[in-house]
Amino acid sequence: MTDPVPTTCMRCAVGCGHLQHGVDTGYGIASVRGDVTHPTNRGLACQRGIRETADPAGEWLTRPLIREGDALLPTTWDVALDRVVEGFSNALAGDSDGLAVLGSGQQTNEAAYALGKLARGGVGTRYYDANTTLCMASAVTAYYDAFGSDAPPCTYDDVDDAATHVVWGANPAVAHPVMFRWIEESAREDDSRLVVVDPVETKTAGVADEHVTPDPGTDLALARAVLARVVERGGVDRAFVDAATEGFADLAAALPSVADAAETAGVDVETVDALAAAFADPTLVYWGMGVNQSVQGTDTAAALVDLCLATGNLGPGTGPFSLTGQANSMGTRVVSSKGSWPGQRSFTDPDERRVVAEAWSVPVDRLPADPGPGPVGTVEAVEDGPVEAVWAVATNPVAGMPDGSVVRKRLEDAFLVVQDAFHTETAEVADVVLPAATWGESDGTTTNMERRVSRVRPAMDVPPGVRTDLDAITTVGDRLVPGLFDATEPEAVFEELAALTAGTPADLSGISYDRLDAAGAVRWPAPDAVSEGGYRYLADGAAGEPDGWTFETPSGRARFSSARHAGVPEPVDDDYPLTLTTGREADGYNTGVRSRDADSPASPLARVNPATLDATGVAAATGTGSGDGDATPGDEGDHGDRGDGGATALLDSRRGRVPVRVDSDPAVPEGLVWLPIHHPRTNELTLPETDPRSDEPNFKQCAVRLTPATGTGESAVADAEAIRGD
C-alpha cells in the first residue's frame with residue numbers, strides 16, 4: 001500500500017476525515033480508515049463510507065463514449081469533446097437557454113463553482129441546477145424565510161448540550177451513523193431523550209424514547225398542532241419572541257385547533273401533548289427528506305423552525321438542524337450559483353450581480369434574471385421550452401427524478417452529455433459520455449452540513465482515459481467561451497471562489513489550502529485567516545440574551561411563518577387505495593450507481609404491512625419483516641433479503657407500473673407501501689408535482705395499487721402508457 005493520504009469521505013454530509021491508502025501498482029484504493037486528527041469525526045467512520053470508497057459496486061466508465069445509431073462506442077477525448085462542443089454550440093446558436101446543465105452535490109466545491117460559472121456566466125442559461133433542489137431546497141427556502149440566510153444555525157458542538165433530540169422525517173441511525181452516535185450518546189444522559197417522528201418504525205425509531213407516527217404527508221398539520229398546544233400551555237418564550245422575532249401574532253391567529261390538526265395528522269391529542277412537552281427542555285430538531293420532499297416541504301420545514309423560535313430553542317444546544325444527504329450539498333449551495341451567487345449573494349440584487357459579472361469578466365446582462373425552474377421544470381423545457389441540449393454532471397436524472405419514464409423520453413429527445421464515474425441509467429440514453437474521476441482520484445474541497453470546509457485529496461493518479469470533473473468542465477468551457485477560466489487547477493479555483501465570497505454571509509475568504517492542511521477543517525463564515533464560524537446569528541458572549549441576536553433579514557429579526565396543512569397532492573381512492581412512500585436503504589447510494597452491481601435484482605423490494613398484503617391477496621417473497629427503512633429519500637434504512645426471488649406483485653400508479661418483490665414488514669403501517677429510492681424503477685411511479693416555493697419534488701406520497709403478479713421479472717411489466725389513461 002502507499003502512504004496514507006488524509007481526505008474527506010464523500011459518502012454523506014457528515015464530512016468525516018478519512019485516511020486512504022492507494023494500491024502499490026495500478027489504480028485503486030487498498031484500504032480506508034477514520035482519521036483521528038480530523039476535527040469532525042476524530043477517527044470515527046462508518047463501514048458504509050469505507051466500503052463504498054474502497055470497493056464500490058457499479059460499472060466503471062474508463063473511456064469516452066459517443067452514440068452511433070443505437071450503440072455507444074468507445075472514442076478518444078478529442079473526438080468526444082468535438083462532439084460535445086458542436087452539440088452545445090448548436091443548441092446555443094439562437095438562445096442562451098438552449099443548454100441545460102444539471103450538477104450535483106457529489107462534486108468538489110471547485111468543480112461545482114466552475115460548472116456554475118460556465119452555466120451562468122459563460123453561457124447565461126437559467127436552466128441550471130446543482131441537484132440540491134431534489135433534496136435540500138425546501139429546507140434552504142425555510143432558512144432564508146426565517147433567518148435571511150441558508151444553513152443551520154447550530155453545529156455538531158450543540159449535540160452534546162441538547163436535552164431533547166427530536167428527529168422528524170429522518171433516519172440518521174443509518175443515514176448518518178457517525179452523527180447519530182453523538183445524538184444517541186447525548187440522549188442517553190439523565191433527563192435527556194430521543195423523540196422520532198416518522199410514519200415507519202425505522203432503526204432510529206427503534207431506539208427512541210418516543211415514536212410518533214403521523215399519516216404520510218401530514219407533517220405540517222402535526223407541527224401546527226404541537227405549536228398550538230405550546231401556546232395553550234403558556235410554553236412560548238415571550239422574552240425571546242418579543243426581542244428577536246417578528247410575525248408571531250399572525251402565526252398564533254392562524255393556528256388550527258389542536259384536536260382538528262391532530263385528527264388530520266392521524267394522531268391523538270395525547271401524542272401532541274407529549275411532543276409539546278418535549279420542547280420545554282433545550283431541544284435540537286433534526287429533519288430530513290421526509291419533510292423536504294413534499295409539495296408543502298418549505299412550509300413544513302418553516303413550521304419546525306417556528307417551534308424552535310416560539311419556545312426559545314435557538315442558541316447553543318438547541319435549534320433547527322436540517323440533515324443533508326449528499327456529501328457536498330452545502331458546498332454547492334454556497335459556491336455553485338444555483339439559487340444564489342457565490343457566498344449567498346442575492347441572485348436578483350443589481351449590485352451583487354455586478355460584483356459577480358466583474359469578477360468573471362462577463363457582461364452583467366449575460367447573467368440570467370432568475371435561478372430557473374429547478375430540475376423538473378428544466379427537463380420539461382426539453383419538450384415545451386427552449387432546451388435542446390442537456391449536460392448531466394455527476395447526477396442520474398433518469399433514475400433520480402420523479403415520473404422517470406417521461407424524464408427518460410425527454411432526455412432521449414435532447415442532445416445529452418453525461419459526465420460520471422459510473423455507467424448510469426442516464427448514460428444509457430446519452431449522445432456523449434465523459435468518464436469522470438471519483439473520490440480517491442480527485443483534488444479539492446468539500447463542505448459538510450455544519451458548514452465545515454475540508455480537503456479532498458487523491459490517493460492515486462487519475463486512470464488513463466478519465467478526467468476529473470474540474471478538468472472536463474474547464475476544458476469544455478475554454479472551447480465554448482474562450483478566456484472564461486483564468487484558473488483551472490483546484491487550488492487556484494478555490495482561491496478565486498473564496499475571494500468572491502468575501503464580505504458575504506457565507507464568507508470563505510479566510511480559508512486556504514494551507515490553512516486546511518494545518519487545521520483539518522474550518523467552519524464558515526471565516527472572513528480572515530484565524531476566525532471561523534460558530535453558532536450563527538448570535539453575538540459573542542450573548543448566549544441566553546434575547547437582544548444578542550442579529551439575523552440576515554431586513555429588520556434583523558427572525559421571521560415566523562403562518563402556513564397551514566393544505567392536503568396531500570394525490571389522495572388515495574378506490575382505484576389507487578394505497579399510499580406509496582420512498583426511502584433510502586443502508587446499502588444504497590443515491591441512485592445506486594456505487595452500490596448496485598450486475599447481480600442486483602431487477603425488481604425493487606416493496607415493504608408492506610402483513611394486513612395490507614392480506615387485503616390485496618399478495619404473497620411476500622422474503623417474509624421476515626426484518627428490514628428497516630424510512631420515509632425519507634435523503635436518509636437511509638436497511639431492508640430485508642436482497643436476493644431476487646422474482647416479482648410477486650405489480651405496483652401501479654397513474655404514471656406507470658413496476659414489478660416488485662414484497663417483504664411482509666409490520667414496521668410499515670397499514671395502507672402504506674415503501675420502496676427504495678435508489679432503485680432505477682421506483683421513480684417511474686412518483687409524482688412530478690413540486691413545492692411552489694422551492695421547486696422540490698413530492699417524492700414522499702402518491703396513490704398506488706398493489707396486485708398479484710401474473711408472471712415474474714420483466715414479463716410482468718405493462719407499458720407505462722397503458723397505465724396513464726386508466
# chains A, B, ... in the order shown; residues from 1 in each chain; ligands from 1
>>> select_by_dssp(residues="segment 178-335 of chain A", states="alpha helix (DSSP H)", output="PyMOL selection string")
chain A and resi 178-187+203-206+219-232+238-244+248-254+258-265+269-278+289-292+297-310+329-335
>>> residues_around(residues="Asp219 of chain A", least_positions_apart="6", cutoff="10 Å", atoms="only C-alpha atoms", output="PyMOL selection string")
chain A and resi 168-169+197-199+213+225+264-265+290-291+294+296-297+299-301+303-304+565
>>> closest_residue(among="A:Pro692, A:Pro676, A:Gly17, A:Pro397", to="Asp587 of chain A", atoms="only C-alpha atoms")
A:Pro676
>>> select_by_dssp(residues="segment 216-454 of chain A", states="strand (DSSP E or B)", output="number ranges by chain")
A: 245-246, 283-287, 315, 318-322, 341, 345, 389-393, 415-420, 422, 432-436, 444-447, 452-454
>>> write_last_selection(atoms="C-alpha atoms", output="compact mmCIF listing (two decimals), in the first residue's frame")
# COMPACT_ATOMS: atom_id res chain seq x y z
CA THR A 245 -38.57 37.79 16.16
CA GLU A 246 -41.47 39.16 14.15
CA THR A 283 -34.13 20.92 22.11
CA LEU A 284 -32.45 20.19 18.80
CA VAL A 285 -34.82 19.40 15.93
CA TYR A 286 -33.33 17.41 13.06
CA TRP A 287 -35.22 16.77 9.84
CA GLY A 315 -28.81 29.12 20.84
CA THR A 318 -30.77 23.99 20.61
CA GLY A 319 -32.17 24.89 17.22
CA PRO A 320 -33.40 23.66 13.82
CA PHE A 321 -30.89 21.32 12.12
CA SER A 322 -31.66 20.09 8.61
CA TRP A 341 -24.36 33.82 -6.34
CA ARG A 345 -25.16 36.86 -2.78
CA ALA A 389 -29.08 20.09 -25.11
CA VAL A 390 -28.57 18.77 -21.57
CA TRP A 391 -25.30 18.28 -19.68
CA ALA A 392 -25.68 15.98 -16.65
CA VAL A 393 -22.62 16.08 -14.37
CA PHE A 415 -28.59 16.21 -27.22
CA LEU A 416 -27.48 14.63 -23.95
CA VAL A 417 -23.98 14.63 -22.46
CA VAL A 418 -23.41 12.56 -19.32
CA GLN A 419 -20.31 13.08 -17.20
CA ASP A 420 -19.94 10.46 -14.46
CA PHE A 422 -20.10 5.04 -13.44
CA VAL A 432 -21.78 11.52 -25.41
CA VAL A 433 -20.44 10.00 -22.18
CA LEU A 434 -17.43 11.59 -20.45
CA PRO A 435 -15.72 9.35 -17.84
CA ALA A 436 -15.01 11.27 -14.64
CA GLY A 444 -10.26 19.88 -3.99
CA THR A 445 -12.51 20.70 -1.04
CA THR A 446 -15.96 19.83 0.27
CA THR A 447 -18.32 21.39 2.84
CA ARG A 452 -17.04 22.88 7.75
CA VAL A 453 -14.80 23.04 4.69
CA SER A 454 -12.19 20.30 4.42
>>> closest_residue(among="A:Pro256, A:Gly124, A:Pro350, A:Gly288", to="Ala221 of chain A", atoms="only C-alpha atoms")
A:Pro256
>>> atom_distance(atom1="atom CA of Pro64 of chain A", atom2="atom CA of Val79 of chain A")
8.8 Å
>>> closest_residue(among="A:Ala114, A:Ala619, A:Ile29, A:Ala137", to="Pro490 of chain A", atoms="only C-alpha atoms")
A:Ala114
>>> closest_residue(among="A:Ala529, A:Leu194, A:Val305, A:Val660", to="Val212 of chain A", atoms="only C-alpha atoms")
A:Leu194
>>> residues_around(residues="Pro371 of chain A", least_positions_apart="6", cutoff="10 Å", atoms="only C-alpha atoms", output="compact mmCIF listing (two decimals) with C-alpha atoms, in the first residue's frame")
# COMPACT_ATOMS: atom_id res chain seq x y z
CA ARG A 120 -24.47 31.17 -15.53
CA THR A 125 -28.66 29.78 -19.07
CA ARG A 126 -31.45 29.88 -16.49
CA TYR A 127 -31.84 26.10 -16.89
CA TYR A 128 -29.21 25.05 -14.39
CA ASP A 129 -29.49 23.11 -11.15
CA SER A 337 -24.52 29.85 -8.43
CA LYS A 338 -27.64 27.71 -8.36
CA GLY A 339 -30.06 29.73 -6.22
CA SER A 340 -27.69 32.50 -5.15
CA TRP A 341 -24.36 33.82 -6.34
CA PHE A 347 -29.47 36.37 -7.31
CA THR A 348 -31.56 39.41 -8.31
>>> closest_residue(among="A:Pro680, A:Pro214, A:Pro659, A:Pro527", to="Ala709 of chain A", atoms="only C-alpha atoms")
A:Pro659
>>> atom_distance(atom1="atom CA of Ala472 of chain A", atom2="atom CA of Cys12 of chain A")
24.0 Å
>>> atom_distance(atom1="atom CA of Asp190 of chain A", atom2="atom CA of Gly206 of chain A")
19.3 Å
>>> closest_residue(among="A:Leu92, A:Leu19, A:Ala277, A:Ala142", to="Val231 of chain A", atoms="only C-alpha atoms")
A:Ala277
>>> residues_around(residues="Cys16 of chain A", least_positions_apart="5", cutoff="10 Å", atoms="only C-alpha atoms", output="PyMOL selection string")
chain A and resi 7-11+34-36+38-46+49+178-179+327+448+454
